[in-house]
file run-v4.cif (mmCIF, C-alpha atoms and all ligand atoms)
data_start
loop_
_atom_site.label_atom_id
_atom_site.label_comp_id
_atom_site.auth_asym_id
_atom_site.auth_seq_id
_atom_site.Cartn_x
_atom_site.Cartn_y
_atom_site.Cartn_z
CA MET M 1 -3.89 29.52 17.19
CA ALA M 2 -1.69 27.68 14.69
CA ARG M 3 -3.08 24.37 13.52
CA VAL M 4 -0.98 21.29 14.31
CA ALA M 5 0.13 19.22 11.34
CA LEU M 6 1.65 15.76 11.78
CA VAL M 7 3.69 14.53 8.82
CA THR M 8 4.90 10.92 9.04
CA GLY M 9 8.32 10.28 7.55
CA GLY M 10 9.13 13.98 7.50
CA MET M 11 12.86 13.38 7.27
CA GLY M 12 12.52 11.78 3.82
CA GLY M 13 12.54 13.62 0.50
CA LEU M 14 8.84 14.32 0.15
CA GLY M 15 8.14 14.61 3.86
CA GLU M 16 10.79 17.27 4.39
CA ALA M 17 9.36 19.43 1.60
CA VAL M 18 5.87 19.04 3.12
CA CYS M 19 7.14 20.02 6.60
CA ILE M 20 8.85 23.11 5.19
CA LYS M 21 5.81 24.16 3.15
CA LEU M 22 3.37 23.76 6.03
CA ALA M 23 5.71 25.57 8.44
CA ALA M 24 5.95 28.45 5.97
CA LEU M 25 2.14 28.63 6.10
CA ASN M 26 2.27 28.86 9.90
CA TYR M 27 1.20 25.34 10.77
CA HIS M 28 2.81 23.94 13.90
CA VAL M 29 4.63 21.05 12.23
CA VAL M 30 5.45 17.78 13.97
CA THR M 31 7.05 14.82 12.27
CA THR M 32 7.99 11.21 12.92
CA TYR M 33 11.03 9.11 12.16
CA SER M 34 11.77 5.40 12.35
CA PRO M 35 12.95 4.35 15.84
CA GLY M 36 16.18 3.09 14.22
CA ASN M 37 16.97 6.39 12.50
CA THR M 38 20.25 7.65 14.01
CA LYS M 39 20.27 10.87 12.00
CA ALA M 40 17.15 12.45 13.47
CA ASP M 41 19.02 14.94 15.68
CA GLU M 42 21.23 15.93 12.77
CA TRP M 43 18.16 16.56 10.59
CA LEU M 44 16.49 18.62 13.32
CA ALA M 45 19.66 20.69 13.79
CA GLY M 46 19.90 21.26 10.02
CA MET M 47 16.28 22.40 9.89
CA LYS M 48 16.81 24.66 12.90
CA ALA M 49 19.75 26.27 11.12
CA GLN M 50 17.35 27.08 8.28
CA GLY M 51 14.86 28.62 10.73
CA PHE M 52 12.47 25.67 11.14
CA ASN M 53 11.76 24.60 14.68
CA PHE M 54 10.23 21.18 14.05
CA ARG M 55 9.47 18.62 16.69
CA ALA M 56 10.12 14.99 15.80
CA TYR M 57 9.04 11.79 17.53
CA PRO M 58 10.17 8.20 16.98
CA CYS M 59 7.39 6.02 15.61
CA ASP M 60 7.23 2.78 13.66
CA VAL M 61 4.18 3.51 11.54
CA ALA M 62 3.89 -0.19 10.73
CA ASP M 63 3.19 -0.95 14.39
CA TYR M 64 -0.18 0.00 15.86
CA GLU M 65 1.00 0.38 19.48
CA SER M 66 3.94 2.53 18.41
CA ALA M 67 1.64 4.79 16.37
CA LYS M 68 -0.92 5.05 19.19
CA GLN M 69 1.72 5.96 21.77
CA CYS M 70 3.34 8.47 19.43
CA VAL M 71 0.04 10.27 18.80
CA ALA M 72 -0.74 10.30 22.56
CA ILE M 73 2.64 11.93 23.34
CA ILE M 74 2.26 14.51 20.56
CA GLU M 75 -1.26 15.44 21.67
CA LYS M 76 -0.02 15.83 25.26
CA GLU M 77 3.12 17.81 24.43
CA VAL M 78 1.98 19.81 21.39
CA GLY M 79 -1.81 19.66 21.17
CA PRO M 80 -4.57 18.05 19.12
CA ILE M 81 -3.62 17.07 15.59
CA ASP M 82 -5.58 19.00 12.94
CA VAL M 83 -3.78 17.78 9.81
CA LEU M 84 -2.41 14.27 9.35
CA VAL M 85 -0.20 13.54 6.35
CA ASN M 86 0.32 9.79 5.98
CA ASN M 87 3.57 10.03 4.06
CA ALA M 88 6.00 7.42 5.44
CA GLY M 89 6.59 4.55 3.05
CA ILE M 90 9.07 2.07 1.61
CA THR M 91 9.69 0.05 -1.53
CA ARG M 92 10.90 -3.54 -1.80
CA ASP M 93 10.86 -3.95 -5.57
CA MET M 94 11.16 -7.37 -7.21
CA THR M 95 9.24 -9.34 -9.78
CA PHE M 96 6.39 -11.44 -8.39
CA LYS M 97 8.40 -14.56 -9.18
CA LYS M 98 11.01 -13.40 -6.65
CA MET M 99 8.58 -11.78 -4.19
CA ASP M 100 8.66 -13.53 -0.82
CA LYS M 101 6.30 -13.13 2.11
CA VAL M 102 8.77 -10.99 4.08
CA ASN M 103 8.96 -8.33 1.37
CA TRP M 104 5.23 -8.50 0.71
CA ASP M 105 4.47 -8.01 4.42
CA ALA M 106 7.05 -5.24 4.92
CA VAL M 107 5.45 -3.08 2.26
CA ILE M 108 1.85 -3.82 3.19
CA HIS M 109 2.53 -3.13 6.89
CA THR M 110 4.53 0.06 6.29
CA ASN M 111 2.52 1.57 3.44
CA LEU M 112 -1.05 0.41 4.12
CA ASP M 113 -1.45 -0.77 7.73
CA SER M 114 0.28 2.47 8.71
CA VAL M 115 -2.65 4.46 7.38
CA PHE M 116 -4.96 2.68 9.81
CA ASN M 117 -2.37 2.84 12.61
CA MET M 118 -1.90 6.61 12.37
CA THR M 119 -5.44 7.65 11.44
CA LYS M 120 -7.19 5.61 14.13
CA PRO M 121 -5.80 7.52 17.14
CA VAL M 122 -6.28 10.90 15.41
CA CYS M 123 -9.65 10.71 13.65
CA ASP M 124 -12.11 10.79 16.58
CA GLY M 125 -10.50 13.95 17.93
CA MET M 126 -10.90 15.62 14.54
CA THR M 127 -14.59 14.71 14.25
CA ASP M 128 -15.25 15.77 17.86
CA ARG M 129 -13.65 19.17 17.18
CA GLY M 130 -15.43 19.45 13.79
CA TRP M 131 -12.30 20.09 11.74
CA GLY M 132 -9.61 17.90 10.24
CA ARG M 133 -7.58 17.07 7.17
CA ILE M 134 -6.26 13.59 6.41
CA ILE M 135 -3.96 13.35 3.40
CA ASN M 136 -2.69 9.98 2.22
CA ILE M 137 0.39 9.89 -0.01
CA SER M 138 -0.22 7.09 -2.48
CA SER M 139 1.47 6.73 -5.90
CA VAL M 140 0.96 6.65 -9.65
CA ASN M 141 1.94 3.00 -9.30
CA GLY M 142 -1.13 2.35 -7.15
CA GLN M 143 -3.21 3.72 -10.03
CA LYS M 144 -1.55 2.01 -12.97
CA GLY M 145 0.54 -0.84 -11.48
CA ALA M 146 4.30 -1.08 -11.92
CA PHE M 147 6.67 -3.80 -13.02
CA GLY M 148 8.32 -5.22 -9.90
CA GLN M 149 5.84 -3.66 -7.46
CA THR M 150 2.98 -6.08 -6.75
CA ASN M 151 3.43 -5.30 -3.04
CA TYR M 152 3.73 -1.52 -3.42
CA SER M 153 0.98 -1.15 -6.04
CA ALA M 154 -1.40 -3.19 -3.86
CA ALA M 155 -0.66 -1.11 -0.76
CA LYS M 156 -0.93 2.21 -2.60
CA ALA M 157 -4.20 1.23 -4.31
CA GLY M 158 -5.50 0.12 -0.91
CA MET M 159 -4.77 3.53 0.56
CA HIS M 160 -7.24 5.11 -1.82
CA GLY M 161 -9.99 2.60 -0.96
CA PHE M 162 -9.45 3.65 2.66
CA THR M 163 -9.62 7.32 1.68
CA LYS M 164 -12.97 6.96 -0.09
CA ALA M 165 -14.61 4.92 2.67
CA LEU M 166 -13.45 7.16 5.51
CA ALA M 167 -14.28 10.32 3.54
CA LEU M 168 -17.91 9.17 3.46
CA GLU M 169 -17.99 8.52 7.19
CA VAL M 170 -16.55 11.86 8.32
CA ALA M 171 -17.88 14.16 5.58
CA ARG M 172 -20.49 15.79 7.84
CA LYS M 173 -18.02 16.36 10.67
CA GLY M 174 -15.75 18.91 9.00
CA VAL M 175 -13.07 16.35 8.21
CA THR M 176 -11.79 15.75 4.68
CA VAL M 177 -9.84 12.71 3.56
CA ASN M 178 -7.92 12.74 0.30
CA THR M 179 -5.26 10.83 -1.58
CA ILE M 180 -2.38 12.33 -3.53
CA SER M 181 -0.83 10.06 -6.15
CA PRO M 182 2.58 11.43 -7.09
CA GLY M 183 4.48 10.16 -10.08
CA TYR M 184 8.25 9.73 -9.95
CA ILE M 185 9.76 12.41 -7.71
CA GLY M 186 13.51 12.90 -7.32
CA THR M 187 13.99 11.57 -3.78
CA LYS M 188 16.21 8.79 -2.47
CA MET M 189 13.38 6.30 -3.06
CA VAL M 190 13.59 6.94 -6.81
CA MET M 191 17.36 7.42 -6.85
CA ALA M 192 17.63 3.84 -5.51
CA ILE M 193 16.28 2.53 -8.84
CA ASP M 194 18.95 1.15 -11.16
CA LYS M 195 19.98 4.08 -13.39
CA THR M 196 19.55 2.12 -16.60
CA VAL M 197 16.01 1.12 -15.58
CA LEU M 198 15.25 4.73 -14.66
CA ASP M 199 16.64 6.12 -17.92
CA THR M 200 15.29 3.49 -20.29
CA LYS M 201 12.05 2.29 -18.71
CA ILE M 202 10.73 5.11 -16.54
CA ILE M 203 11.70 8.61 -17.76
CA PRO M 204 10.54 7.79 -21.31
CA GLN M 205 7.04 7.15 -19.89
CA ILE M 206 6.84 10.69 -18.49
CA PRO M 207 5.60 13.25 -21.07
CA MET M 208 7.39 16.06 -19.21
CA ALA M 209 10.57 13.97 -19.54
CA ARG M 210 11.74 14.73 -16.00
CA LEU M 211 11.24 13.68 -12.42
CA GLY M 212 8.91 15.71 -10.24
CA LYS M 213 10.19 17.93 -7.43
CA PRO M 214 9.19 17.33 -3.79
CA GLU M 215 8.07 20.98 -3.58
CA GLU M 216 5.55 20.35 -6.37
CA VAL M 217 3.83 17.72 -4.23
CA ALA M 218 4.17 19.80 -1.05
CA GLY M 219 2.18 22.61 -2.66
CA LEU M 220 -0.73 20.24 -3.21
CA VAL M 221 -0.54 18.98 0.38
CA ALA M 222 -0.70 22.61 1.52
CA TYR M 223 -3.83 23.23 -0.54
CA LEU M 224 -5.57 20.10 0.76
CA SER M 225 -4.67 21.18 4.31
CA SER M 226 -6.21 24.61 3.88
CA GLU M 227 -9.58 26.13 4.75
CA GLU M 228 -10.28 26.63 1.01
CA ALA M 229 -10.17 22.87 0.41
CA ALA M 230 -13.12 22.23 2.74
CA PHE M 231 -15.40 20.92 -0.07
CA LEU M 232 -12.77 18.57 -1.54
CA THR M 233 -12.97 15.07 -0.13
CA GLY M 234 -12.56 11.45 -1.23
CA ALA M 235 -10.42 12.54 -4.19
CA ASN M 236 -7.32 10.95 -5.62
CA ILE M 237 -5.27 13.75 -7.12
CA ALA M 238 -2.59 12.74 -9.60
CA ILE M 239 0.60 14.80 -9.88
CA ASN M 240 2.79 12.90 -12.29
CA GLY M 241 4.03 15.01 -15.25
CA GLY M 242 1.39 13.42 -17.48
CA GLN M 243 2.62 9.85 -16.96
CA HIS M 244 -0.86 8.51 -16.22
CA MET M 245 -4.11 10.33 -17.00
CA GLN M 246 -7.47 9.18 -15.71
N1 LIG R 1 8.76 -2.87 -17.96
C1 LIG R 1 8.88 -3.96 -18.75
N2 LIG R 1 9.84 -4.87 -18.63
C2 LIG R 1 10.74 -4.67 -17.67
C3 LIG R 1 10.69 -3.58 -16.81
C4 LIG R 1 9.65 -2.67 -16.99
N3 LIG R 1 9.51 -1.58 -16.21
N4 LIG R 1 11.71 -3.67 -15.94
C5 LIG R 1 12.38 -4.80 -16.26
N5 LIG R 1 11.80 -5.37 -17.31
C6 LIG R 1 12.22 -6.60 -17.98
C7 LIG R 1 13.70 -6.58 -18.27
O1 LIG R 1 13.94 -5.90 -19.48
C8 LIG R 1 14.03 -8.05 -18.34
O2 LIG R 1 13.62 -8.55 -19.57
P1 LIG R 1 14.42 -9.73 -20.27
O3 LIG R 1 14.38 -10.89 -19.30
O4 LIG R 1 13.67 -9.97 -21.52
O5 LIG R 1 15.81 -9.18 -20.45
C9 LIG R 1 13.10 -8.66 -17.27
O6 LIG R 1 12.03 -7.70 -17.09
C10 LIG R 1 13.81 -8.86 -15.94
O7 LIG R 1 14.39 -7.61 -15.58
P2 LIG R 1 15.56 -7.48 -14.56
O8 LIG R 1 16.70 -8.39 -14.94
O9 LIG R 1 15.86 -6.04 -14.35
O10 LIG R 1 14.92 -8.13 -13.28
P3 LIG R 1 15.39 -7.92 -11.86
O11 LIG R 1 14.71 -8.96 -11.05
O12 LIG R 1 16.86 -7.78 -11.76
O13 LIG R 1 14.80 -6.45 -11.47
C11 LIG R 1 13.17 -4.89 -10.86
C12 LIG R 1 13.44 -6.24 -11.51
C13 LIG R 1 13.80 -4.82 -9.46
C14 LIG R 1 11.68 -4.75 -10.70
C15 LIG R 1 13.77 -3.77 -11.70
O14 LIG R 1 13.29 -3.93 -13.03
C16 LIG R 1 13.37 -2.41 -11.20
O15 LIG R 1 13.97 -1.86 -10.28
N6 LIG R 1 12.34 -1.79 -11.79
C17 LIG R 1 11.85 -0.50 -11.37
C18 LIG R 1 10.64 -0.67 -10.48
C19 LIG R 1 10.07 0.67 -10.13
O16 LIG R 1 9.63 1.40 -11.01
N7 LIG R 1 10.09 1.03 -8.87
C20 LIG R 1 9.64 2.32 -8.48
C21 LIG R 1 10.38 2.72 -7.24
S1 LIG R 1 10.09 4.43 -6.82
C22 LIG R 1 8.54 4.42 -6.28
O17 LIG R 1 7.93 3.43 -6.07
C23 LIG R 1 7.96 5.78 -6.04
C24 LIG R 1 6.65 5.89 -6.69
O18 LIG R 1 5.65 5.69 -6.04
C25 LIG R 1 6.57 6.32 -8.10
P1 LIG R 2 12.06 8.57 1.30
O1 LIG R 2 12.90 9.76 1.04
O2 LIG R 2 12.66 7.22 1.26
O3 LIG R 2 11.33 8.80 2.70
C1 LIG R 2 10.53 7.80 3.27
C2 LIG R 2 10.23 8.18 4.69
O4 LIG R 2 9.41 7.15 5.27
C3 LIG R 2 11.47 8.32 5.54
O5 LIG R 2 11.40 9.53 6.25
C4 LIG R 2 11.37 7.15 6.51
O6 LIG R 2 11.80 7.48 7.80
C5 LIG R 2 9.88 6.91 6.58
N1 LIG R 2 9.58 5.54 7.00
C6 LIG R 2 9.80 4.40 6.31
N2 LIG R 2 9.41 3.34 7.04
C7 LIG R 2 8.95 3.82 8.22
C8 LIG R 2 8.41 3.23 9.39
N3 LIG R 2 8.23 1.90 9.51
N4 LIG R 2 8.04 4.04 10.40
C9 LIG R 2 8.20 5.37 10.31
N5 LIG R 2 8.69 6.00 9.23
C10 LIG R 2 9.07 5.23 8.20
O7 LIG R 2 10.86 8.49 0.27
P2 LIG R 2 9.96 9.63 -0.37
O8 LIG R 2 10.17 9.60 -1.81
O9 LIG R 2 10.06 10.88 0.40
O10 LIG R 2 8.51 8.97 -0.13
C11 LIG R 2 7.55 9.50 0.75
C12 LIG R 2 6.19 8.89 0.41
O11 LIG R 2 5.85 9.26 -0.92
C13 LIG R 2 6.17 7.36 0.44
O12 LIG R 2 4.94 6.92 0.97
C14 LIG R 2 6.28 6.99 -1.02
O13 LIG R 2 5.73 5.73 -1.28
C15 LIG R 2 5.50 8.10 -1.64
N6 LIG R 2 5.78 8.35 -3.03
C16 LIG R 2 7.04 8.66 -3.43
C17 LIG R 2 7.28 8.89 -4.77
C18 LIG R 2 8.62 9.22 -5.30
O14 LIG R 2 8.77 9.17 -6.52
N7 LIG R 2 9.59 9.56 -4.51
C19 LIG R 2 6.23 8.80 -5.67
C20 LIG R 2 4.96 8.48 -5.23
C21 LIG R 2 4.76 8.27 -3.89
P3 LIG R 2 13.25 7.06 8.32
O15 LIG R 2 14.22 7.63 7.32
O16 LIG R 2 13.33 7.64 9.66
O17 LIG R 2 13.24 5.54 8.27
#

call {"tool": "encode", "arguments": {"input": "run-v4.cif", "output": "structure tokens", "more": "lines below"}}
Ligand code: CAA
Ligand code: NAP
result
Amino acid sequence: MARVALVTGGMGGLGEAVCIKLAALNYHVVTTYSPGNTKADEWLAGMKAQGFNFRAYPCDVADYESAKQCVAIIEKEVGPIDVLVNNAGITRDMTFKKMDKVNWDAVIHTNLDSVFNMTKPVCDGMTDRGWGRIINISSVNGQKGAFGQTNYSAAKAGMHGFTKALALEVARKGVTVNTISPGYIGTKMVMAIDKTVLDTKIIPQIPMARLGKPEEVAGLVAYLSSEEAAFLTGANIAINGGQHMQ
């Protein structure tokens, strides 16, 4: 039977590419969208026209009850979740001098608390069944820091601490937990950066002198989701055009 993969934020740039890649590999793909997203039906129809029959559920990943209810509905309507891709995320960039508590909290809740909120209702089922893949989408800026991103860099670095700790706890139960740290990928998140900042401060830091493509990250998600990746856990895999090497 096809494995069920849940991709949070699947209607965004990276998430969509991940949904498409996993569907092409015969996973039964389910995604989430923000409860306020009015374009979900349009996205689903567009995907259907391309031959992808995704299911999508509203879920505020920053809210524990919303995440718990969403997972319960998916498991009832679709089946147990085998692969969880914690992908949903936001930026609220500003220098620390301008950073207020609202923008700090928004990013920590959406990008870090969400990893707990989504993984908690899914993880015990995976360990009970003896198979699971948890993939956390972090960022190069969690590894190296970024000007204007104290909130985002903290949340993304925190994701990897979570990955390493949980990987230890579930290693003997057939469940792997890994982090992917993409560099700058050409999605709306990056296109929202002021063009002058992008051209003068960011692209020059990338040895490949270009943005990454969502499909390049999706291929790595597919590998980490696979049977072959069973011995790979607790890793933080960089995919950043050479911008940051560890
Ligand atoms: N490095 C060094 N100095 C920088 C800088 C940088 N990256 N960015 C700005 N500065 C400098 C400016 O040159 C300026 O210097 P002077 O005062 O000497 O002129 C000073 O900092 C203030 O800059 P701004 O006037 O631009 O400040 P601002 O408050 O208007 O904007 C900012 C600050 C919003 C952080 C803006 O610089 C910015 O958008 N930076 C990009 C942040 C970024 O990379 N975000 C990534 C989003 S995508 C993402 O997060 C995906 C992922 O995971 C990779
Ligand atoms: P994007 O196009 O802006 O997509 C972000 C997705 O997150 C959207 O689908 C959005 O759903 C969802 N989301 C945001 N807040 C949510 C919430 N509270 N509840 C549920 N869903 C929520 O951005 P992207 O570039 O694809 O980014 C995807 C992930 O990759 C993020 O975690 C990001 O930090 C990370 N990343 C991106 C880059 C990059 O360069 N693009 C680099 C490194 C890491 P709605 O549209 O329904 O709100």

call {"tool": "closest_residue", "arguments": {"input": "run-v4.cif", "among": "M:Tyr33, M:Trp131, M:Phe147, M:Trp43", "to": "ligand LIG 2 (chain R)", "atoms": "only C-alpha atoms and all ligand atoms"}}
result
M:Tyr33

call {"tool": "residues_near_ligand", "arguments": {"input": "run-v4.cif", "ligand": "ligand LIG 2 (chain R)", "cutoff": "6 Å", "atoms": "only C-alpha atoms and all ligand atoms", "output": "PDB file with C-alpha atoms, keeping the file's coordinate frame"}}
result
ATOM      1  CA  GLY M   9       8.320  10.280   7.550  1.00  0.00           C
ATOM      2  CA  GLY M  10       9.130  13.980   7.500  1.00  0.00           C
ATOM      3  CA  MET M  11      12.860  13.380   7.270  1.00  0.00           C
ATOM      4  CA  GLY M  12      12.520  11.780   3.820  1.00  0.00           C
ATOM      5  CA  GLY M  13      12.540  13.620   0.500  1.00  0.00           C
ATOM      6  CA  LEU M  14       8.840  14.320   0.150  1.00  0.00           C
ATOM      7  CA  GLY M  15       8.140  14.610   3.860  1.00  0.00           C
ATOM      8  CA  TYR M  33      11.030   9.110  12.160  1.00  0.00           C
ATOM      9  CA  SER M  34      11.770   5.400  12.350  1.00  0.00           C
ATOM     10  CA  ASN M  37      16.970   6.390  12.500  1.00  0.00           C
ATOM     11  CA  CYS M  59       7.390   6.020  15.610  1.00  0.00           C
ATOM     12  CA  ASP M  60       7.230   2.780  13.660  1.00  0.00           C
ATOM     13  CA  VAL M  61       4.180   3.510  11.540  1.00  0.00           C
ATOM     14  CA  ALA M  62       3.890  -0.190  10.730  1.00  0.00           C
ATOM     15  CA  ASN M  87       3.570  10.030   4.060  1.00  0.00           C
ATOM     16  CA  ALA M  88       6.000   7.420   5.440  1.00  0.00           C
ATOM     17  CA  GLY M  89       6.590   4.550   3.050  1.00  0.00           C
ATOM     18  CA  ILE M  90       9.070   2.070   1.610  1.00  0.00           C
ATOM     19  CA  THR M 110       4.530   0.060   6.290  1.00  0.00           C
ATOM     20  CA  ILE M 137       0.390   9.890  -0.010  1.00  0.00           C
ATOM     21  CA  SER M 138      -0.220   7.090  -2.480  1.00  0.00           C
ATOM     22  CA  SER M 139       1.470   6.730  -5.900  1.00  0.00           C
ATOM     23  CA  PRO M 182       2.580  11.430  -7.090  1.00  0.00           C
ATOM     24  CA  GLY M 183       4.480  10.160 -10.080  1.00  0.00           C
ATOM     25  CA  TYR M 184       8.250   9.730  -9.950  1.00  0.00           C
ATOM     26  CA  ILE M 185       9.760  12.410  -7.710  1.00  0.00           C
ATOM     27  CA  GLY M 186      13.510  12.900  -7.320  1.00  0.00           C
ATOM     28  CA  THR M 187      13.990  11.570  -3.780  1.00  0.00           C
ATOM     29  CA  LYS M 188      16.210   8.790  -2.470  1.00  0.00           C
ATOM     30  CA  MET M 189      13.380   6.300  -3.060  1.00  0.00           C
ATOM     31  CA  VAL M 190      13.590   6.940  -6.810  1.00  0.00           C
TER      32      VAL M 190
END

call {"tool": "closest_atom_pairs", "arguments": {"input": "run-v4.cif", "of": "chain M", "to": "ligand LIG 1 (chain R)", "cutoff": "10 Å", "atoms": "only C-alpha atoms and all ligand atoms", "output": "tab-separated table"}}
result
residue	atom	partner	partner_atom	distance
M:Gly89	CA	R:LIG1	O18	9.2
M:Ile90	CA	R:LIG1	O17	7.9
M:Thr91	CA	R:LIG1	O17	5.9
M:Arg92	CA	R:LIG1	C13	8.3
M:Asp93	CA	R:LIG1	C13	5.0
M:Met94	CA	R:LIG1	C13	4.3
M:Thr95	CA	R:LIG1	C14	5.3
M:Phe96	CA	R:LIG1	C14	8.8
M:Lys97	CA	R:LIG1	O11	8.6
M:Lys98	CA	R:LIG1	O11	7.3
M:Met99	CA	R:LIG1	O11	9.6
M:Ile137	CA	R:LIG1	O18	9.0
M:Ser138	CA	R:LIG1	O18	7.0
M:Ser139	CA	R:LIG1	O18	4.3
M:Val140	CA	R:LIG1	C25	5.8
M:Asn141	CA	R:LIG1	O18	5.6
M:Gly142	CA	R:LIG1	O18	7.6
M:Gln143	CA	R:LIG1	O18	9.9
M:Gly145	CA	R:LIG1	O16	9.4
M:Ala146	CA	R:LIG1	O16	5.9
M:Phe147	CA	R:LIG1	N3	4.8
M:Gly148	CA	R:LIG1	C14	3.5
M:Gln149	CA	R:LIG1	C18	6.4
M:Thr150	CA	R:LIG1	C14	9.6
M:Tyr152	CA	R:LIG1	O17	7.0
M:Ser153	CA	R:LIG1	O18	8.3
M:Lys156	CA	R:LIG1	O18	8.2
M:Ser181	CA	R:LIG1	O18	7.8
M:Pro182	CA	R:LIG1	C25	6.6
M:Gly183	CA	R:LIG1	C25	4.8
M:Tyr184	CA	R:LIG1	C25	4.2
M:Ile185	CA	R:LIG1	C25	6.9
M:Gly186	CA	R:LIG1	C23	9.1
M:Thr187	CA	R:LIG1	C23	8.7
M:Lys188	CA	R:LIG1	S1	8.7
M:Met189	CA	R:LIG1	S1	5.3
M:Val190	CA	R:LIG1	S1	4.3
M:Met191	CA	R:LIG1	S1	7.9
M:Ala192	CA	R:LIG1	C21	7.5
M:Ile193	CA	R:LIG1	O15	5.2
M:Asp194	CA	R:LIG1	O15	5.9
M:Lys195	CA	R:LIG1	O15	9.0
M:Thr196	CA	R:LIG1	O9	9.2
M:Val197	CA	R:LIG1	N6	6.0
M:Leu198	CA	R:LIG1	C17	7.1
M:Thr200	CA	R:LIG1	N3	8.7
M:Lys201	CA	R:LIG1	N3	5.3
M:Ile202	CA	R:LIG1	O16	6.7
M:Gln205	CA	R:LIG1	N3	9.8
M:Leu211	CA	R:LIG1	C25	9.7
M:Gly212	CA	R:LIG1	C25	9.9
M:Asn240	CA	R:LIG1	C25	8.7

call {"tool": "residues_around", "arguments": {"input": "run-v4.cif", "residues": "M:Ala222", "least_positions_apart": "2", "cutoff": "12 Å", "atoms": "all atoms listed in the file", "output": "PyMOL selection string"}}
result
chain M and resi 5+7+17-27+83-85+133-135+180+215-220+224-229

call {"tool": "atom_distance", "arguments": {"input": "run-v4.cif", "atom1": "atom CA of M:Thr179", "atom2": "atom CA of M:His28"}}
result
21.8 Å

call {"tool": "atom_distance", "arguments": {"input": "run-v4.cif", "atom1": "atom CA of M:Trp104", "atom2": "atom CA of M:Thr38"}}
result
25.8 Å

call {"tool": "closest_residue", "arguments": {"input": "run-v4.cif", "among": "M:Ala67, M:Val78, M:Ala230, M:Ala165", "to": "M:Met118", "atoms": "only C-alpha atoms"}}
result
M:Ala67

call {"tool": "atom_distance", "arguments": {"input": "run-v4.cif", "atom1": "atom CA of M:Thr233", "atom2": "atom CA of M:Met126"}}
result
14.8 Å

call {"tool": "closest_residue", "arguments": {"input": "run-v4.cif", "among": "M:Asp128, M:Pro207, M:His244, M:Val29", "to": "M:Phe52", "atoms": "only C-alpha atoms"}}
result
M:Val29

call {"tool": "closest_residue", "arguments": {"input": "run-v4.cif", "among": "M:Val102, M:Ala154, M:Val107, M:Val4", "to": "M:Ile81", "atoms": "all atoms listed in the file"}}
result
M:Val4

call {"tool": "residues_around", "arguments": {"input": "run-v4.cif", "residues": "M:Ala235", "least_positions_apart": "4", "cutoff": "9 Å", "atoms": "all atoms listed in the file", "output": "list of chain:residue names"}}
result
M:His160, M:Thr163, M:Lys164, M:Ala167, M:Val177, M:Asn178, M:Thr179, M:Ile180

call {"tool": "closest_residue", "arguments": {"input": "run-v4.cif", "among": "M:Ile108, M:Leu44, M:Leu6, M:Ala56", "to": "M:Asp82", "atoms": "all atoms listed in the file"}}
result
M:Leu6

call {"tool": "closest_residue", "arguments": {"input": "run-v4.cif", "among": "M:Pro121, M:Gly174, M:Pro214, M:Gly234", "to": "M:Gly161", "atoms": "only C-alpha atoms"}}
result
M:Gly234
